[in-house]
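Next comes input27.txt, a file with compact mmCIF, C-alpha atoms.
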```txt
# COMPACT_ATOMS: atom_id res chain seq x y z
CA THR A 1 0.00 0.00 0.00
CA ALA A 2 1.35 3.40 -0.98
CA LEU A 3 1.96 5.95 1.76
CA HIS A 4 1.60 9.68 1.29
CA THR A 5 3.07 10.78 4.63
CA PHE A 6 5.23 9.01 7.21
CA TRP A 7 6.54 10.66 10.39
CA LEU A 8 8.89 8.78 12.70
CA ARG A 9 9.18 10.55 16.05
CA ILE A 10 11.71 9.14 18.50
CA ASN A 11 11.36 10.43 22.04
CA PHE A 12 11.87 8.07 24.97
CA GLY A 13 11.74 10.72 27.67
CA ILE A 14 14.00 11.12 30.69
CA PHE A 15 14.02 7.45 31.68
CA TYR A 16 15.46 6.18 28.39
CA PRO A 17 17.53 9.06 27.02
CA ASP A 18 19.92 6.87 25.03
CA SER A 19 17.59 4.19 23.73
CA ILE A 20 18.35 5.08 20.11
CA ASP A 21 22.05 5.57 19.46
CA ASP A 22 22.43 4.00 16.03
CA TYR A 23 20.58 4.79 12.81
CA CYS A 24 20.43 1.05 12.06
CA GLN A 25 17.79 0.77 14.78
CA ILE A 26 15.33 2.90 12.80
CA ARG A 27 16.51 2.09 9.29
CA PRO A 28 13.87 -0.66 8.72
CA TRP A 29 11.09 1.88 9.28
CA VAL A 30 12.67 4.35 6.87
CA CYS A 31 13.21 1.68 4.22
CA HIS A 32 9.59 0.57 4.59
CA ALA A 33 8.38 4.13 4.03
CA LEU A 34 10.55 4.57 0.94
CA ARG A 35 9.44 1.22 -0.49
CA SER A 36 5.85 2.35 0.07
CA ASN A 37 6.42 5.33 -2.23
CA VAL A 38 6.06 7.88 0.56
CA GLN A 39 5.94 11.50 -0.60
CA VAL A 40 6.44 13.24 2.76
CA LEU A 41 8.97 11.74 5.19
CA GLY A 42 9.93 13.13 8.58
CA ILE A 43 12.40 11.63 11.05
CA VAL A 44 12.35 13.55 14.32
CA HIS A 45 14.97 12.34 16.78
CA HIS A 46 15.38 13.92 20.22
CA GLY A 47 18.47 12.02 21.36
CA GLU A 48 22.12 12.19 20.38
CA ILE A 49 23.12 13.17 16.85
CA LEU A 50 22.74 10.18 14.50
CA THR A 51 24.61 9.46 11.28
CA ILE A 52 22.67 8.09 8.32
CA GLY A 53 24.75 5.32 6.82
CA ASN A 54 22.70 4.57 3.73
CA ALA A 55 21.42 6.57 0.78
CA PHE A 56 17.74 7.43 0.35
CA THR A 57 16.38 6.26 -2.99
CA SER A 58 12.87 7.14 -4.14
CA SER A 59 11.39 8.79 -7.19
CA TYR A 60 8.26 9.59 -5.15
CA LEU A 61 9.77 11.48 -2.20
CA LYS A 62 8.96 15.19 -2.40
CA ARG A 63 9.54 16.44 1.14
CA LEU A 64 12.06 15.33 3.76
CA GLN A 65 12.57 16.60 7.29
CA LEU A 66 15.44 15.41 9.49
CA ARG A 67 16.03 16.43 13.09
CA ASN A 68 19.22 15.74 15.07
CA PHE A 69 21.23 14.08 12.32
CA ASP A 70 24.77 14.41 11.00
CA VAL A 71 24.42 15.70 7.43
CA ASP A 72 27.46 15.89 5.16
CA ASP A 73 28.30 16.22 1.47
CA TRP A 74 28.09 12.48 0.86
CA PHE A 75 24.55 12.35 2.22
CA VAL A 76 23.15 15.34 0.32
CA LYS A 77 24.78 14.26 -2.95
CA LYS A 78 23.26 10.79 -2.65
CA LEU A 79 19.95 12.27 -1.53
CA PHE A 80 19.55 14.58 -4.52
CA SER A 81 20.61 11.90 -7.01
CA GLY A 82 18.57 9.14 -5.37
CA CYS A 83 15.44 11.27 -4.89
CA PRO A 84 15.24 13.24 -8.16
CA ASN A 85 11.81 14.73 -7.40
CA LEU A 86 12.63 16.07 -3.93
CA GLU A 87 11.19 19.59 -3.66
CA GLU A 88 11.54 20.42 0.04
CA LEU A 89 14.35 19.65 2.49
CA GLU A 90 14.31 20.61 6.17
CA LEU A 91 17.40 19.99 8.30
CA ILE A 92 16.39 20.89 11.84
CA CYS A 93 18.95 21.00 14.69
CA CYS A 94 21.33 18.96 12.56
CA PHE A 95 25.12 18.90 12.50
CA VAL A 96 25.52 20.39 9.03
CA ASN A 97 28.97 19.70 7.60
CA ILE A 98 28.27 20.55 3.98
CA ILE A 99 30.59 22.28 1.53
CA LYS A 100 28.43 22.02 -1.59
CA PHE A 101 24.64 22.20 -1.53
CA SER A 102 23.55 21.63 -5.12
CA SER A 103 20.22 20.57 -6.61
CA THR A 104 18.39 21.33 -9.85
CA LYS A 105 14.97 20.39 -8.42
CA LEU A 106 14.81 21.61 -4.81
CA GLN A 107 12.32 24.44 -4.28
CA ARG A 108 12.30 24.97 -0.50
CA SER A 109 15.05 24.49 2.06
CA THR A 110 15.32 25.11 5.81
CA VAL A 111 18.55 24.63 7.75
CA THR A 112 19.06 25.03 11.49
CA THR A 113 22.07 23.55 13.25
CA THR A 114 22.60 21.75 16.52
CA ASP A 115 22.94 23.80 19.71
CA ASP A 116 25.80 21.55 20.82
CA ARG A 117 28.88 23.74 20.36
CA SER A 118 31.18 20.85 21.24
CA ILE A 119 30.45 19.68 17.70
CA SER A 120 32.24 21.79 15.15
CA CYS A 121 33.27 21.63 11.52
CA LEU A 122 36.87 21.23 10.52
CA GLY A 123 37.86 24.83 9.86
CA PHE A 124 36.15 27.77 8.18
CA GLU A 125 35.09 26.91 4.62
CA ASP A 126 32.67 28.00 1.92
CA MET A 127 29.24 26.42 1.75
CA VAL A 128 28.30 26.70 -1.90
CA ILE A 129 24.58 26.85 -2.66
CA ASP A 130 23.62 26.15 -6.26
CA MET A 131 19.85 25.68 -6.59
CA PRO A 132 18.32 27.45 -9.58
CA LYS A 133 14.73 26.42 -8.76
CA LEU A 134 14.84 27.33 -5.07
CA VAL A 135 12.00 29.73 -4.17
CA SER A 136 12.31 29.68 -0.37
CA LEU A 137 15.49 29.53 1.71
CA ASP A 138 15.76 29.70 5.50
CA ILE A 139 19.23 29.23 6.99
CA LYS A 140 19.32 30.05 10.67
CA GLU A 141 22.96 29.34 11.39
CA VAL A 142 25.76 27.16 10.03
CA PRO A 143 28.90 27.61 12.18
CA ASP A 144 32.25 27.82 10.39
CA ARG A 145 30.65 28.17 6.98
CA ASN A 146 30.78 31.10 4.58
CA LEU A 147 27.64 31.04 2.46
CA TYR A 148 28.39 31.43 -1.23
CA PHE A 149 25.54 31.58 -3.75
CA VAL A 150 26.09 30.33 -7.29
CA ASP A 151 22.56 30.22 -8.72
CA VAL A 152 19.54 31.02 -6.56
CA SER A 153 17.85 33.08 -9.25
CA SER A 154 14.31 31.86 -8.47
CA LEU A 155 14.29 32.90 -4.81
CA GLU A 156 11.16 34.66 -3.61
CA THR A 157 11.72 34.56 0.15
CA ALA A 158 15.02 34.27 2.01
CA SER A 159 16.04 34.34 5.66
CA VAL A 160 19.79 33.99 6.04
CA CYS A 161 22.15 34.08 9.00
CA ILE A 162 25.75 34.90 8.05
CA ASP A 163 28.78 34.06 10.19
CA GLU A 164 30.70 37.24 11.10
CA SER A 165 33.88 35.51 9.94
CA SER A 166 32.63 36.05 6.39
CA PHE A 167 33.43 39.76 6.77
CA ALA A 168 36.65 39.48 8.74
CA SER A 169 39.15 39.09 5.93
CA SER A 170 39.57 39.89 2.26
CA GLN A 171 40.50 36.23 1.80
CA VAL A 172 36.85 35.29 2.29
CA ASP A 173 34.56 35.88 -0.67
CA CYS A 174 31.12 36.54 0.80
CA ASN A 175 28.74 37.21 -2.09
CA VAL A 176 25.45 36.87 -0.21
CA LEU A 177 24.47 40.53 -0.42
CA SER A 178 25.43 40.98 -4.06
CA ALA A 179 23.86 37.68 -5.12
CA LEU A 180 20.55 38.37 -3.39
CA SER A 181 20.37 41.98 -4.57
CA ASN A 182 20.39 40.80 -8.19
CA ILE A 183 17.39 38.48 -7.83
CA THR A 184 14.38 40.14 -9.42
CA SER A 185 11.87 37.63 -8.02
CA LEU A 186 12.85 38.25 -4.37
CA ARG A 187 9.88 39.55 -2.36
CA SER A 188 11.01 39.03 1.25
CA LEU A 189 14.51 39.12 2.72
CA SER A 190 15.86 38.84 6.27
CA LEU A 191 19.61 38.97 6.94
CA THR A 192 21.33 38.34 10.28
CA VAL A 193 25.05 38.37 11.11
CA ARG A 194 26.02 35.87 13.81
CA HIS A 195 28.46 37.31 16.34
CA LYS A 196 30.84 35.02 18.23
CA PRO A 197 30.68 35.78 21.98
CA ASP A 198 34.45 35.58 22.43
CA ASN A 199 35.01 37.75 19.35
CA SER A 200 37.56 35.26 18.08
CA ILE A 201 37.81 34.10 14.50
CA ALA A 202 39.34 30.78 13.57
CA TRP A 203 40.96 30.24 10.20
```
Can you present the structure in this file as structure tokens?
Amino acid sequence: TALHTFWLRINFGIFYPDSIDDYCQIRPWVCHALRSNVQVLGIVHHGEILTIGNAFTSSYLKRLQLRNFDVDDWFVKKLFSGCPNLEELELICCFVNIIKFSSTKLQRSTVTTTDDRSISCLGFEDMVIDMPKLVSLDIKEVPDRNLYFVDVSSLETASVCIDESSFASSQVDCNVLSALSNITSLRSLSLTVRHKPDNSIAW
């Protein structure tokens, strides 16, 4: 039987805080949803950050929300190639370690990172966003990443948080303002610069 929507919410409460510590424990449910041609898939995990060890493959999946997962370049590359009709991606409270965010089909994207500052990316690098069909973008905060837009020409609404390190040196090419100012379809824009409390910048 085909599924339209499947939400997997994992919350064991205070008595079993570490009951899920490996993605393999929930993988059968995810695979079942994908085999059932699910169009909307949400995996909401309230425990420790989990790493997804397999690629998602579905020509039916249109919307995906992940919460509390480790998301890297390997995962997003496999996701966009394995789910060619994905239109909406929400990464909520995830450890986002992405250098290139590229899709020719994605229309809406939301990214918020984990509050755990003990988890950090390996150095300050560009996070290239190349999504020509993206109409809505909401990036709350991606530590140690300089956002660099290649093609976001279809954007209509954008809410972007920029790391202050993007403005600290001429060695960093921050094109967010210039890229967004040239988009004729943009109707709503919110820009925030994230300030590091200790005022230190790591290179």
Q) When distances are computed from only C-alpha atoms, which of A:Leu41, A:Leu177, A:Leu191, A:Leu186 shows the smallest separation from Leu155 (chain A)? A)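 Nearest to Leu155 (chain A): A:Leu186.
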Q: Could you give me, as a PyMOL selection string, the residues within 8 Å of region 54-68 of chain A, counting all atoms listed in the file and dropping anything in the same chain fewer than 2 positions from it?
A: chain A and resi 34-35+37-50+52+70+75+78-79+82-95+114
Q | Long-range neighbours of Val96 (chain A) as number ranges by chain, 7 Å cut-off, only C-alpha atoms, 3 positions minimum in chain | A | A: 70-72, 113, 142
May I have the selected residues written with C-alpha atoms, as a PDB file, in the coordinates of the input?
```pdb
ATOM      1  CA  ASP A  70      24.770  14.410  11.000  1.00  0.00           C
ATOM      2  CA  VAL A  71      24.420  15.700   7.430  1.00  0.00           C
ATOM      3  CA  ASP A  72      27.460  15.890   5.160  1.00  0.00           C
ATOM      4  CA  THR A 113      22.070  23.550  13.250  1.00  0.00           C
ATOM      5  CA  VAL A 142      25.760  27.160  10.030  1.00  0.00           C
TER       6      VAL A 142
END
```
(Q) Set the distance at 9 Å and use all atoms listed in the file: which residues neighbour Glu141 (chain A) once local chain neighbours fewer than 5 positions away are removed? I'd like the list as a ChimeraX atom specification. (A) /A:111-113,160-163,194
Could the residues in this selection be saved with C-alpha atoms as a CSV table (one decimal), keeping the file's coordinate frame?
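As a result, part02.csv now contains:
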```csv
chain,number,residue,atom,x,y,z
A,111,VAL,CA,18.6,24.6,7.8
A,112,THR,CA,19.1,25.0,11.5
A,113,THR,CA,22.1,23.6,13.2
A,160,VAL,CA,19.8,34.0,6.0
A,161,CYS,CA,22.2,34.1,9.0
A,162,ILE,CA,25.8,34.9,8.0
A,163,ASP,CA,28.8,34.1,10.2
A,194,ARG,CA,26.0,35.9,13.8
```
Q: Name the residues, using the chain letters and numbers of the file, that sit within 7 Å of (13.1, 35.3, -2.3) when counting only C-alpha atoms, and give them as a list in words.
A: Val135, Ser136, Leu155, Glu156, Thr157, Ala158, Ser185, Leu186, Arg187, Ser188 and Leu189 of chain A
Residue subset to file, keeping C-alpha atoms, as a PDB file, in the frame of the given file:
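Saved result, out-v1.pdb, follows:
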```pdb
ATOM      1  CA  VAL A 135      12.000  29.730  -4.170  1.00  0.00           C
ATOM      2  CA  SER A 136      12.310  29.680  -0.370  1.00  0.00           C
ATOM      3  CA  LEU A 155      14.290  32.900  -4.810  1.00  0.00           C
ATOM      4  CA  GLU A 156      11.160  34.660  -3.610  1.00  0.00           C
ATOM      5  CA  THR A 157      11.720  34.560   0.150  1.00  0.00           C
ATOM      6  CA  ALA A 158      15.020  34.270   2.010  1.00  0.00           C
ATOM      7  CA  SER A 185      11.870  37.630  -8.020  1.00  0.00           C
ATOM      8  CA  LEU A 186      12.850  38.250  -4.370  1.00  0.00           C
ATOM      9  CA  ARG A 187       9.880  39.550  -2.360  1.00  0.00           C
ATOM     10  CA  SER A 188      11.010  39.030   1.250  1.00  0.00           C
ATOM     11  CA  LEU A 189      14.510  39.120   2.720  1.00  0.00           C
TER      12      LEU A 189
END
```
